[in-house]
$ cat my_file-v1.cif   # mmCIF, N, CA and C atoms
data_start
#
loop_
_atom_site.group_PDB
_atom_site.id
_atom_site.type_symbol
_atom_site.label_atom_id
_atom_site.label_comp_id
_atom_site.auth_asym_id
_atom_site.auth_seq_id
_atom_site.Cartn_x
_atom_site.Cartn_y
_atom_site.Cartn_z
ATOM 1 N N MET P 1 3.796 97.252 31.489
ATOM 2 C CA MET P 1 4.912 97.601 32.328
ATOM 3 C C MET P 1 5.793 98.599 31.567
ATOM 4 N N SER P 2 6.042 99.718 32.172
ATOM 5 C CA SER P 2 6.849 100.742 31.490
ATOM 6 C C SER P 2 8.306 100.645 31.935
ATOM 7 N N ALA P 3 9.135 100.926 30.997
ATOM 8 C CA ALA P 3 10.576 100.885 31.291
ATOM 9 C C ALA P 3 10.987 102.228 31.889
ATOM 10 N N VAL P 4 11.645 102.148 33.007
ATOM 11 C CA VAL P 4 12.106 103.363 33.674
ATOM 12 C C VAL P 4 13.563 103.572 33.297
ATOM 13 N N MET P 5 13.840 104.730 32.770
ATOM 14 C CA MET P 5 15.217 105.030 32.376
ATOM 15 C C MET P 5 15.901 105.754 33.525
ATOM 16 N N ILE P 6 16.994 105.222 33.945
ATOM 17 C CA ILE P 6 17.771 105.842 35.005
ATOM 18 C C ILE P 6 18.963 106.527 34.358
ATOM 19 N N THR P 7 19.009 107.823 34.519
ATOM 20 C CA THR P 7 20.141 108.555 33.947
ATOM 21 C C THR P 7 21.218 108.715 35.005
ATOM 22 N N ARG P 8 22.409 108.411 34.605
ATOM 23 C CA ARG P 8 23.553 108.499 35.498
ATOM 24 C C ARG P 8 24.316 109.764 35.162
ATOM 25 N N LYS P 9 24.738 110.458 36.193
ATOM 26 C CA LYS P 9 25.477 111.693 35.993
ATOM 27 C C LYS P 9 26.849 111.363 35.401
ATOM 28 N N VAL P 10 27.184 112.016 34.306
ATOM 29 C CA VAL P 10 28.465 111.777 33.644
ATOM 30 C C VAL P 10 29.501 112.715 34.257
ATOM 31 N N ARG P 11 30.585 112.151 34.727
ATOM 32 C CA ARG P 11 31.646 112.930 35.375
ATOM 33 C C ARG P 11 32.559 113.548 34.325
ATOM 34 N N LYS P 12 33.294 114.582 34.744
ATOM 35 C CA LYS P 12 34.213 115.245 33.818
ATOM 36 C C LYS P 12 35.292 114.295 33.332
ATOM 37 N N TRP P 13 35.791 113.446 34.222
ATOM 38 C CA TRP P 13 36.865 112.554 33.823
ATOM 39 C C TRP P 13 36.394 111.466 32.871
ATOM 40 N N GLU P 14 35.075 111.238 32.825
ATOM 41 C CA GLU P 14 34.536 110.281 31.860
ATOM 42 C C GLU P 14 34.381 110.925 30.484
ATOM 43 N N LYS P 15 34.066 112.215 30.467
ATOM 44 C CA LYS P 15 33.929 112.923 29.191
ATOM 45 C C LYS P 15 35.283 113.164 28.543
ATOM 46 N N LEU P 16 36.231 113.623 29.338
ATOM 47 C CA LEU P 16 37.570 113.945 28.858
ATOM 48 C C LEU P 16 38.573 113.063 29.586
ATOM 49 N N PRO P 17 38.736 111.819 29.159
ATOM 50 C CA PRO P 17 39.521 110.879 29.955
ATOM 51 C C PRO P 17 41.002 111.221 30.063
ATOM 52 N N GLY P 18 41.646 111.721 29.040
ATOM 53 C CA GLY P 18 43.073 112.015 29.116
ATOM 54 C C GLY P 18 43.899 110.747 29.221
ATOM 55 N N LYS P 19 45.082 110.875 29.777
ATOM 56 C CA LYS P 19 46.000 109.740 29.868
ATOM 57 C C LYS P 19 46.127 109.207 31.292
ATOM 58 N N ASN P 20 45.321 109.696 32.207
ATOM 59 C CA ASN P 20 45.373 109.238 33.592
ATOM 60 C C ASN P 20 44.388 108.099 33.810
ATOM 61 N N THR P 21 44.618 107.337 34.880
ATOM 62 C CA THR P 21 43.732 106.242 35.254
ATOM 63 C C THR P 21 42.932 106.669 36.478
ATOM 64 N N PHE P 22 41.619 106.489 36.419
ATOM 65 C CA PHE P 22 40.746 106.878 37.522
ATOM 66 C C PHE P 22 40.155 105.645 38.177
ATOM 67 N N CYS P 23 40.119 105.650 39.500
ATOM 68 C CA CYS P 23 39.539 104.557 40.276
ATOM 69 C C CYS P 23 38.603 105.152 41.326
ATOM 70 N N CYS P 24 37.806 104.297 41.948
ATOM 71 C CA CYS P 24 36.904 104.702 43.040
ATOM 72 C C CYS P 24 35.994 105.854 42.629
ATOM 73 N N ASP P 25 35.379 105.715 41.469
ATOM 74 C CA ASP P 25 34.442 106.714 40.946
ATOM 75 C C ASP P 25 35.086 108.088 40.800
ATOM 76 N N GLY P 26 36.333 108.103 40.391
ATOM 77 C CA GLY P 26 37.023 109.360 40.133
ATOM 78 C C GLY P 26 37.698 109.982 41.328
ATOM 79 N N ARG P 27 37.629 109.353 42.476
ATOM 80 C CA ARG P 27 38.260 109.919 43.675
ATOM 81 C C ARG P 27 39.762 109.686 43.699
ATOM 82 N N VAL P 28 40.226 108.644 43.022
ATOM 83 C CA VAL P 28 41.645 108.302 42.984
ATOM 84 C C VAL P 28 42.113 108.412 41.541
ATOM 85 N N MET P 29 43.170 109.181 41.325
ATOM 86 C CA MET P 29 43.717 109.376 39.992
ATOM 87 C C MET P 29 45.183 108.981 39.995
ATOM 88 N N MET P 30 45.595 108.196 39.023
ATOM 89 C CA MET P 30 47.001 107.825 38.903
ATOM 90 C C MET P 30 47.509 108.238 37.534
ATOM 91 N N ALA P 31 48.765 108.638 37.500
ATOM 92 C CA ALA P 31 49.382 109.052 36.246
ATOM 93 C C ALA P 31 49.741 107.835 35.408
ATOM 94 N N ARG P 32 50.297 108.096 34.235
ATOM 95 C CA ARG P 32 50.655 107.005 33.338
ATOM 96 C C ARG P 32 51.823 106.188 33.873
ATOM 97 N N GLN P 33 52.748 106.815 34.583
ATOM 98 C CA GLN P 33 53.951 106.134 35.061
ATOM 99 C C GLN P 33 53.686 105.442 36.392
ATOM 100 N N LYS P 34 52.916 104.382 36.369
ATOM 101 C CA LYS P 34 52.605 103.653 37.596
ATOM 102 C C LYS P 34 53.816 102.916 38.130
ATOM 103 N N GLY P 35 54.753 102.563 37.259
ATOM 104 C CA GLY P 35 55.937 101.826 37.681
ATOM 105 C C GLY P 35 56.784 102.605 38.671
ATOM 106 N N ILE P 36 56.866 103.909 38.501
ATOM 107 C CA ILE P 36 57.645 104.749 39.419
ATOM 108 C C ILE P 36 56.998 104.751 40.800
ATOM 109 N N PHE P 37 55.679 104.812 40.838
ATOM 110 C CA PHE P 37 54.980 104.771 42.118
ATOM 111 C C PHE P 37 55.225 103.441 42.827
ATOM 112 N N TYR P 38 55.111 102.339 42.083
ATOM 113 C CA TYR P 38 55.319 101.028 42.701
ATOM 114 C C TYR P 38 56.770 100.840 43.153
ATOM 115 N N LEU P 39 57.721 101.364 42.383
ATOM 116 C CA LEU P 39 59.124 101.286 42.784
ATOM 117 C C LEU P 39 59.365 102.085 44.067
ATOM 118 N N THR P 40 58.815 103.289 44.135
ATOM 119 C CA THR P 40 58.953 104.111 45.330
ATOM 120 C C THR P 40 58.315 103.434 46.531
ATOM 121 N N LEU P 41 57.134 102.890 46.341
ATOM 122 C CA LEU P 41 56.443 102.184 47.420
ATOM 123 C C LEU P 41 57.259 100.989 47.907
ATOM 124 N N PHE P 42 57.825 100.213 46.968
ATOM 125 C CA PHE P 42 58.638 99.062 47.329
ATOM 126 C C PHE P 42 59.898 99.479 48.094
ATOM 127 N N LEU P 43 60.554 100.548 47.637
ATOM 128 C CA LEU P 43 61.779 100.985 48.306
ATOM 129 C C LEU P 43 61.506 101.496 49.724
ATOM 130 N N ILE P 44 60.436 102.249 49.896
ATOM 131 C CA ILE P 44 60.123 102.773 51.230
ATOM 132 C C ILE P 44 59.723 101.645 52.172
ATOM 133 N N VAL P 45 58.824 100.782 51.720
ATOM 134 C CA VAL P 45 58.372 99.683 52.579
ATOM 135 C C VAL P 45 59.514 98.701 52.836
ATOM 136 N N GLY P 46 60.326 98.434 51.829
ATOM 137 C CA GLY P 46 61.438 97.501 52.000
ATOM 138 C C GLY P 46 62.483 97.975 52.994
ATOM 139 N N THR P 47 62.922 99.218 52.845
ATOM 140 C CA THR P 47 63.940 99.720 53.775
ATOM 141 C C THR P 47 63.377 99.873 55.185
ATOM 142 N N CYS P 48 62.131 100.299 55.298
ATOM 143 C CA CYS P 48 61.546 100.439 56.637
ATOM 144 C C CYS P 48 61.324 99.082 57.300
ATOM 145 N N SER P 49 60.938 98.097 56.524
ATOM 146 C CA SER P 49 60.754 96.777 57.128
ATOM 147 C C SER P 49 62.089 96.199 57.589
ATOM 148 N N LEU P 50 63.155 96.419 56.833
ATOM 149 C CA LEU P 50 64.482 95.983 57.296
ATOM 150 C C LEU P 50 64.889 96.719 58.566
ATOM 151 N N PHE P 51 64.614 98.009 58.623
ATOM 152 C CA PHE P 51 64.925 98.790 59.819
ATOM 153 C C PHE P 51 64.141 98.280 61.021
ATOM 154 N N PHE P 52 62.829 98.032 60.827
ATOM 155 C CA PHE P 52 62.005 97.561 61.939
ATOM 156 C C PHE P 52 62.380 96.144 62.372
ATOM 157 N N ALA P 53 62.815 95.312 61.430
ATOM 158 C CA ALA P 53 63.143 93.930 61.769
ATOM 159 C C ALA P 53 64.490 93.799 62.463
ATOM 160 N N PHE P 54 65.492 94.583 62.039
ATOM 161 C CA PHE P 54 66.845 94.363 62.537
ATOM 162 C C PHE P 54 67.353 95.448 63.490
ATOM 163 N N GLU P 55 67.019 96.695 63.246
ATOM 164 C CA GLU P 55 67.572 97.788 64.050
ATOM 165 C C GLU P 55 66.697 98.180 65.235
ATOM 166 N N CYS P 56 65.394 98.177 65.047
ATOM 167 C CA CYS P 56 64.501 98.638 66.112
ATOM 168 C C CYS P 56 64.587 97.820 67.404
ATOM 169 N N PRO P 57 64.681 96.505 67.340
ATOM 170 C CA PRO P 57 64.808 95.782 68.613
ATOM 171 C C PRO P 57 66.056 96.179 69.402
ATOM 172 N N TYR P 58 67.171 96.346 68.723
ATOM 173 C CA TYR P 58 68.405 96.753 69.394
ATOM 174 C C TYR P 58 68.276 98.164 69.975
ATOM 175 N N LEU P 59 67.738 99.088 69.177
ATOM 176 C CA LEU P 59 67.605 100.470 69.630
ATOM 177 C C LEU P 59 66.613 100.592 70.789
ATOM 178 N N ALA P 60 65.555 99.803 70.768
ATOM 179 C CA ALA P 60 64.557 99.865 71.837
ATOM 180 C C ALA P 60 65.135 99.380 73.158
ATOM 181 N N VAL P 61 66.011 98.398 73.118
ATOM 182 C CA VAL P 61 66.582 97.839 74.344
ATOM 183 C C VAL P 61 67.742 98.695 74.853
ATOM 184 N N HIS P 62 68.641 99.089 73.963
ATOM 185 C CA HIS P 62 69.871 99.743 74.389
ATOM 186 C C HIS P 62 69.776 101.269 74.480
ATOM 187 N N LEU P 63 68.905 101.894 73.734
ATOM 188 C CA LEU P 63 68.803 103.364 73.793
ATOM 189 C C LEU P 63 67.501 103.816 74.445
ATOM 190 N N SER P 64 66.408 103.668 73.690
ATOM 191 C CA SER P 64 65.124 104.137 74.211
ATOM 192 C C SER P 64 63.989 103.467 73.451
ATOM 193 N N PRO P 65 62.928 103.098 74.138
ATOM 194 C CA PRO P 65 61.762 102.541 73.435
ATOM 195 C C PRO P 65 61.023 103.580 72.596
ATOM 196 N N ALA P 66 61.353 104.843 72.785
ATOM 197 C CA ALA P 66 60.688 105.892 72.017
ATOM 198 C C ALA P 66 61.160 105.918 70.559
ATOM 199 N N ILE P 67 62.334 105.386 70.265
ATOM 200 C CA ILE P 67 62.863 105.422 68.901
ATOM 201 C C ILE P 67 61.989 104.610 67.945
ATOM 202 N N PRO P 68 61.623 103.359 68.250
ATOM 203 C CA PRO P 68 60.722 102.643 67.333
ATOM 204 C C PRO P 68 59.348 103.300 67.204
ATOM 205 N N VAL P 69 58.865 103.877 68.283
ATOM 206 C CA VAL P 69 57.559 104.556 68.216
ATOM 207 C C VAL P 69 57.648 105.749 67.271
ATOM 208 N N PHE P 70 58.699 106.529 67.404
ATOM 209 C CA PHE P 70 58.891 107.670 66.514
ATOM 210 C C PHE P 70 59.078 107.206 65.069
ATOM 211 N N ALA P 71 59.799 106.092 64.877
ATOM 212 C CA ALA P 71 60.016 105.558 63.526
ATOM 213 C C ALA P 71 58.700 105.105 62.902
ATOM 214 N N VAL P 72 57.828 104.497 63.673
ATOM 215 C CA VAL P 72 56.522 104.067 63.152
ATOM 216 C C VAL P 72 55.686 105.279 62.768
ATOM 217 N N LEU P 73 55.683 106.301 63.620
ATOM 218 C CA LEU P 73 54.927 107.516 63.294
ATOM 219 C C LEU P 73 55.465 108.189 62.036
ATOM 220 N N LEU P 74 56.766 108.236 61.916
ATOM 221 C CA LEU P 74 57.374 108.827 60.722
ATOM 222 C C LEU P 74 57.057 107.999 59.476
ATOM 223 N N PHE P 75 57.095 106.680 59.595
ATOM 224 C CA PHE P 75 56.756 105.806 58.471
ATOM 225 C C PHE P 75 55.304 106.019 58.038
ATOM 226 N N LEU P 76 54.383 106.086 58.991
ATOM 227 C CA LEU P 76 52.974 106.300 58.652
ATOM 228 C C LEU P 76 52.750 107.656 57.989
ATOM 229 N N PHE P 77 53.464 108.678 58.469
ATOM 230 C CA PHE P 77 53.352 110.004 57.854
ATOM 231 C C PHE P 77 53.868 109.980 56.417
ATOM 232 N N VAL P 78 55.016 109.342 56.204
ATOM 233 C CA VAL P 78 55.595 109.266 54.859
ATOM 234 C C VAL P 78 54.665 108.518 53.911
ATOM 235 N N MET P 79 54.091 107.414 54.371
ATOM 236 C CA MET P 79 53.187 106.654 53.512
ATOM 237 C C MET P 79 51.906 107.440 53.205
ATOM 238 N N ALA P 80 51.399 108.153 54.199
ATOM 239 C CA ALA P 80 50.189 108.957 53.967
ATOM 240 C C ALA P 80 50.449 110.051 52.950
ATOM 241 N N MET P 81 51.578 110.711 53.051
ATOM 242 C CA MET P 81 51.890 111.781 52.103
ATOM 243 C C MET P 81 52.186 111.231 50.705
ATOM 244 N N LEU P 82 52.830 110.068 50.620
ATOM 245 C CA LEU P 82 53.071 109.449 49.317
ATOM 246 C C LEU P 82 51.762 109.094 48.637
ATOM 247 N N LEU P 83 50.860 108.471 49.378
ATOM 248 C CA LEU P 83 49.573 108.100 48.794
ATOM 249 C C LEU P 83 48.742 109.333 48.456
ATOM 250 N N ARG P 84 48.814 110.336 49.280
ATOM 251 C CA ARG P 84 48.046 111.563 49.014
ATOM 252 C C ARG P 84 48.523 112.244 47.735
ATOM 253 N N THR P 85 49.837 112.351 47.569
ATOM 254 C CA THR P 85 50.344 113.008 46.370
ATOM 255 C C THR P 85 50.198 112.132 45.131
ATOM 256 N N SER P 86 50.282 110.828 45.289
ATOM 257 C CA SER P 86 50.175 109.944 44.128
ATOM 258 C C SER P 86 48.753 109.840 43.605
ATOM 259 N N PHE P 87 47.774 109.952 44.479
ATOM 260 C CA PHE P 87 46.390 109.755 44.074
ATOM 261 C C PHE P 87 45.602 111.045 43.905
ATOM 262 N N SER P 88 46.252 112.189 43.929
ATOM 263 C CA SER P 88 45.506 113.438 43.807
ATOM 264 C C SER P 88 45.768 114.100 42.457
ATOM 265 N N ASP P 89 44.883 114.970 42.105
ATOM 266 C CA ASP P 89 44.977 115.703 40.849
ATOM 267 C C ASP P 89 45.920 116.887 41.035
ATOM 268 N N PRO P 90 46.966 116.997 40.230
ATOM 269 C CA PRO P 90 47.899 118.104 40.416
ATOM 270 C C PRO P 90 47.346 119.448 39.968
ATOM 271 N N GLY P 91 46.281 119.436 39.217
ATOM 272 C CA GLY P 91 45.705 120.686 38.747
ATOM 273 C C GLY P 91 46.384 121.133 37.461
ATOM 274 N N VAL P 92 45.968 122.282 36.968
ATOM 275 C CA VAL P 92 46.493 122.821 35.725
ATOM 276 C C VAL P 92 46.946 124.243 35.985
ATOM 277 N N LEU P 93 48.133 124.566 35.540
ATOM 278 C CA LEU P 93 48.598 125.942 35.624
ATOM 279 C C LEU P 93 48.148 126.674 34.370
ATOM 280 N N PRO P 94 47.362 127.732 34.530
ATOM 281 C CA PRO P 94 46.886 128.445 33.343
ATOM 282 C C PRO P 94 48.026 129.217 32.680
ATOM 283 N N ARG P 95 47.918 129.380 31.380
ATOM 284 C CA ARG P 95 48.920 130.148 30.652
ATOM 285 C C ARG P 95 48.769 131.624 30.973
ATOM 286 N N ALA P 96 49.880 132.324 30.861
ATOM 287 C CA ALA P 96 49.854 133.766 31.109
ATOM 288 C C ALA P 96 49.163 134.473 29.947
ATOM 289 N N LEU P 97 48.455 135.530 30.273
ATOM 290 C CA LEU P 97 47.855 136.362 29.236
ATOM 291 C C LEU P 97 48.970 137.093 28.498
ATOM 292 N N PRO P 98 48.703 137.583 27.290
ATOM 293 C CA PRO P 98 49.770 138.291 26.553
ATOM 294 C C PRO P 98 50.342 139.480 27.326
ATOM 295 N N GLU P 99 49.496 140.199 28.051
ATOM 296 C CA GLU P 99 49.987 141.338 28.830
ATOM 297 C C GLU P 99 50.925 140.866 29.937
ATOM 298 N N GLU P 100 50.545 139.777 30.600
ATOM 299 C CA GLU P 100 51.399 139.233 31.657
ATOM 300 C C GLU P 100 52.716 138.729 31.100
ATOM 301 N N ALA P 101 52.681 138.083 29.930
ATOM 302 C CA ALA P 101 53.901 137.575 29.316
ATOM 303 C C ALA P 101 54.836 138.723 28.945
ATOM 304 N N ASN P 102 54.271 139.817 28.416
ATOM 305 C CA ASN P 102 55.105 140.977 28.073
ATOM 306 C C ASN P 102 55.709 141.600 29.322
ATOM 307 N N PHE P 103 54.951 141.670 30.397
ATOM 308 C CA PHE P 103 55.471 142.234 31.646
ATOM 309 C C PHE P 103 56.591 141.362 32.197
ATOM 310 N N ILE P 104 56.433 140.057 32.142
ATOM 311 C CA ILE P 104 57.475 139.149 32.636
ATOM 312 C C ILE P 104 58.731 139.289 31.772
ATOM 313 N N GLU P 105 58.557 139.383 30.469
ATOM 314 C CA GLU P 105 59.720 139.574 29.597
ATOM 315 C C GLU P 105 60.436 140.882 29.909
ATOM 316 N N MET P 106 59.675 141.955 30.208
ATOM 317 C CA MET P 106 60.286 143.233 30.583
ATOM 318 C C MET P 106 61.059 143.099 31.880
ATOM 319 N N GLU P 107 60.499 142.376 32.857
ATOM 320 C CA GLU P 107 61.176 142.193 34.148
ATOM 321 C C GLU P 107 62.474 141.397 33.996
ATOM 322 N N ILE P 108 62.454 140.406 33.152
ATOM 323 C CA ILE P 108 63.649 139.573 32.947
ATOM 324 C C ILE P 108 64.719 140.379 32.209
ATOM 325 N N GLY P 109 64.313 141.216 31.296
ATOM 326 C CA GLY P 109 65.255 142.003 30.509
ATOM 327 C C GLY P 109 65.996 143.062 31.311
ATOM 328 N N GLN P 110 65.504 143.442 32.464
ATOM 329 C CA GLN P 110 66.159 144.516 33.242
ATOM 330 C C GLN P 110 67.356 144.053 33.950
#
$ encode --input "my_file-v1.cif" --output "structure tokens"
Amino acid sequence: MSAVMITRKVRKWEKLPGKNTFCCDGRVMMARQKGIFYLTLFLIVGTCSLFFAFECPYLAVHLSPAIPVFAVLLFLFVMAMLLRTSFSDPGVLPRALPEEANFIEMEIGQ
């Protein structure tokens, strides 16, 4: 019986791990400051849940039922954008070439 070797493709984030945390086979990336993300998530969910529990019933009855619907849509949009920005790679800004740096210095000096 021969042993079959299965080679697994090594991802870039596995070779050069850095200080970020990767989940879901590298599809989700989180920065080192996870506490800020959890605090933001808690504040958004907490204030929205208080709004939905206490204010939305009154507003739906006395003003318009469209207000809670709009609030839910806005809440879902905010959560989607928070998760999208928190779990994505911000990328790297390349340094300016020496010629570009000299040109920028000339522009600032004028």
$ select_by_dssp --input "my_file-v1.cif" --residues "stretch 16-80 of chain P" --states "strand (DSSP E or B)" --output "list in words"
Thr21, Phe22, Cys23, Val28, Met29 and Met30 of chain P
$ atom_distance --input "my_file-v1.cif" --atom1 "atom CA of P:Phe22" --atom2 "atom CA of P:Arg8"
17.4 Å
$ select_by_dssp --input "my_file-v1.cif" --residues "stretch 9-55 of chain P" --states "helix (DSSP H, G or I)" --output "mmCIF file with N, CA and C atoms, in the frame of the given file"
data_model
loop_
_atom_site.group_PDB
_atom_site.id
_atom_site.type_symbol
_atom_site.label_atom_id
_atom_site.label_comp_id
_atom_site.auth_asym_id
_atom_site.auth_seq_id
_atom_site.Cartn_x
_atom_site.Cartn_y
_atom_site.Cartn_z
ATOM 1 N N LYS P 12 33.294 114.582 34.744
ATOM 2 C CA LYS P 12 34.213 115.245 33.818
ATOM 3 C C LYS P 12 35.292 114.295 33.332
ATOM 4 N N TRP P 13 35.791 113.446 34.222
ATOM 5 C CA TRP P 13 36.865 112.554 33.823
ATOM 6 C C TRP P 13 36.394 111.466 32.871
ATOM 7 N N GLU P 14 35.075 111.238 32.825
ATOM 8 C CA GLU P 14 34.536 110.281 31.860
ATOM 9 C C GLU P 14 34.381 110.925 30.484
ATOM 10 N N LYS P 15 34.066 112.215 30.467
ATOM 11 C CA LYS P 15 33.929 112.923 29.191
ATOM 12 C C LYS P 15 35.283 113.164 28.543
ATOM 13 N N LYS P 34 52.916 104.382 36.369
ATOM 14 C CA LYS P 34 52.605 103.653 37.596
ATOM 15 C C LYS P 34 53.816 102.916 38.130
ATOM 16 N N GLY P 35 54.753 102.563 37.259
ATOM 17 C CA GLY P 35 55.937 101.826 37.681
ATOM 18 C C GLY P 35 56.784 102.605 38.671
ATOM 19 N N ILE P 36 56.866 103.909 38.501
ATOM 20 C CA ILE P 36 57.645 104.749 39.419
ATOM 21 C C ILE P 36 56.998 104.751 40.800
ATOM 22 N N PHE P 37 55.679 104.812 40.838
ATOM 23 C CA PHE P 37 54.980 104.771 42.118
ATOM 24 C C PHE P 37 55.225 103.441 42.827
ATOM 25 N N TYR P 38 55.111 102.339 42.083
ATOM 26 C CA TYR P 38 55.319 101.028 42.701
ATOM 27 C C TYR P 38 56.770 100.840 43.153
ATOM 28 N N LEU P 39 57.721 101.364 42.383
ATOM 29 C CA LEU P 39 59.124 101.286 42.784
ATOM 30 C C LEU P 39 59.365 102.085 44.067
ATOM 31 N N THR P 40 58.815 103.289 44.135
ATOM 32 C CA THR P 40 58.953 104.111 45.330
ATOM 33 C C THR P 40 58.315 103.434 46.531
ATOM 34 N N LEU P 41 57.134 102.890 46.341
ATOM 35 C CA LEU P 41 56.443 102.184 47.420
ATOM 36 C C LEU P 41 57.259 100.989 47.907
ATOM 37 N N PHE P 42 57.825 100.213 46.968
ATOM 38 C CA PHE P 42 58.638 99.062 47.329
ATOM 39 C C PHE P 42 59.898 99.479 48.094
ATOM 40 N N LEU P 43 60.554 100.548 47.637
ATOM 41 C CA LEU P 43 61.779 100.985 48.306
ATOM 42 C C LEU P 43 61.506 101.496 49.724
ATOM 43 N N ILE P 44 60.436 102.249 49.896
ATOM 44 C CA ILE P 44 60.123 102.773 51.230
ATOM 45 C C ILE P 44 59.723 101.645 52.172
ATOM 46 N N VAL P 45 58.824 100.782 51.720
ATOM 47 C CA VAL P 45 58.372 99.683 52.579
ATOM 48 C C VAL P 45 59.514 98.701 52.836
ATOM 49 N N GLY P 46 60.326 98.434 51.829
ATOM 50 C CA GLY P 46 61.438 97.501 52.000
ATOM 51 C C GLY P 46 62.483 97.975 52.994
ATOM 52 N N THR P 47 62.922 99.218 52.845
ATOM 53 C CA THR P 47 63.940 99.720 53.775
ATOM 54 C C THR P 47 63.377 99.873 55.185
ATOM 55 N N CYS P 48 62.131 100.299 55.298
ATOM 56 C CA CYS P 48 61.546 100.439 56.637
ATOM 57 C C CYS P 48 61.324 99.082 57.300
ATOM 58 N N SER P 49 60.938 98.097 56.524
ATOM 59 C CA SER P 49 60.754 96.777 57.128
ATOM 60 C C SER P 49 62.089 96.199 57.589
ATOM 61 N N LEU P 50 63.155 96.419 56.833
ATOM 62 C CA LEU P 50 64.482 95.983 57.296
ATOM 63 C C LEU P 50 64.889 96.719 58.566
ATOM 64 N N PHE P 51 64.614 98.009 58.623
ATOM 65 C CA PHE P 51 64.925 98.790 59.819
ATOM 66 C C PHE P 51 64.141 98.280 61.021
ATOM 67 N N PHE P 52 62.829 98.032 60.827
ATOM 68 C CA PHE P 52 62.005 97.561 61.939
ATOM 69 C C PHE P 52 62.380 96.144 62.372
ATOM 70 N N ALA P 53 62.815 95.312 61.430
ATOM 71 C CA ALA P 53 63.143 93.930 61.769
ATOM 72 C C ALA P 53 64.490 93.799 62.463
ATOM 73 N N PHE P 54 65.492 94.583 62.039
ATOM 74 C CA PHE P 54 66.845 94.363 62.537
ATOM 75 C C PHE P 54 67.353 95.448 63.490
ATOM 76 N N GLU P 55 67.019 96.695 63.246
ATOM 77 C CA GLU P 55 67.572 97.788 64.050
ATOM 78 C C GLU P 55 66.697 98.180 65.235
#
$ residues_around --input "my_file-v1.cif" --residues "stretch 66-69 of chain P" --least-positions-apart "5" --cutoff "8 Å" --atoms "all atoms listed in the file" --output "PyMOL selection string"
chain P and resi 52+55-57+59-61+74-75
$ atom_distance --input "my_file-v1.cif" --atom1 "atom N of P:Val28" --atom2 "atom C of P:Met79"
15.5 Å
$ atom_distance --input "my_file-v1.cif" --atom1 "atom N of P:Leu39" --atom2 "atom C of P:Ala71"
20.9 Å
$ closest_residue --input "my_file-v1.cif" --among "P:Val45, P:Asp89, P:Phe37, P:Leu97" --to "P:Val72" --atoms "only C-alpha atoms"
P:Val45
$ residues_around --input "my_file-v1.cif" --residues "P:Thr21" --least-positions-apart "5" --cutoff "6 Å" --atoms "all atoms listed in the file" --output "ChimeraX atom specification"
/P:28-32
$ closest_residue --input "my_file-v1.cif" --among "P:Phe70, P:Leu41, P:Arg27, P:Tyr58" --to "P:Leu83" --atoms "only C-alpha atoms"
P:Leu41
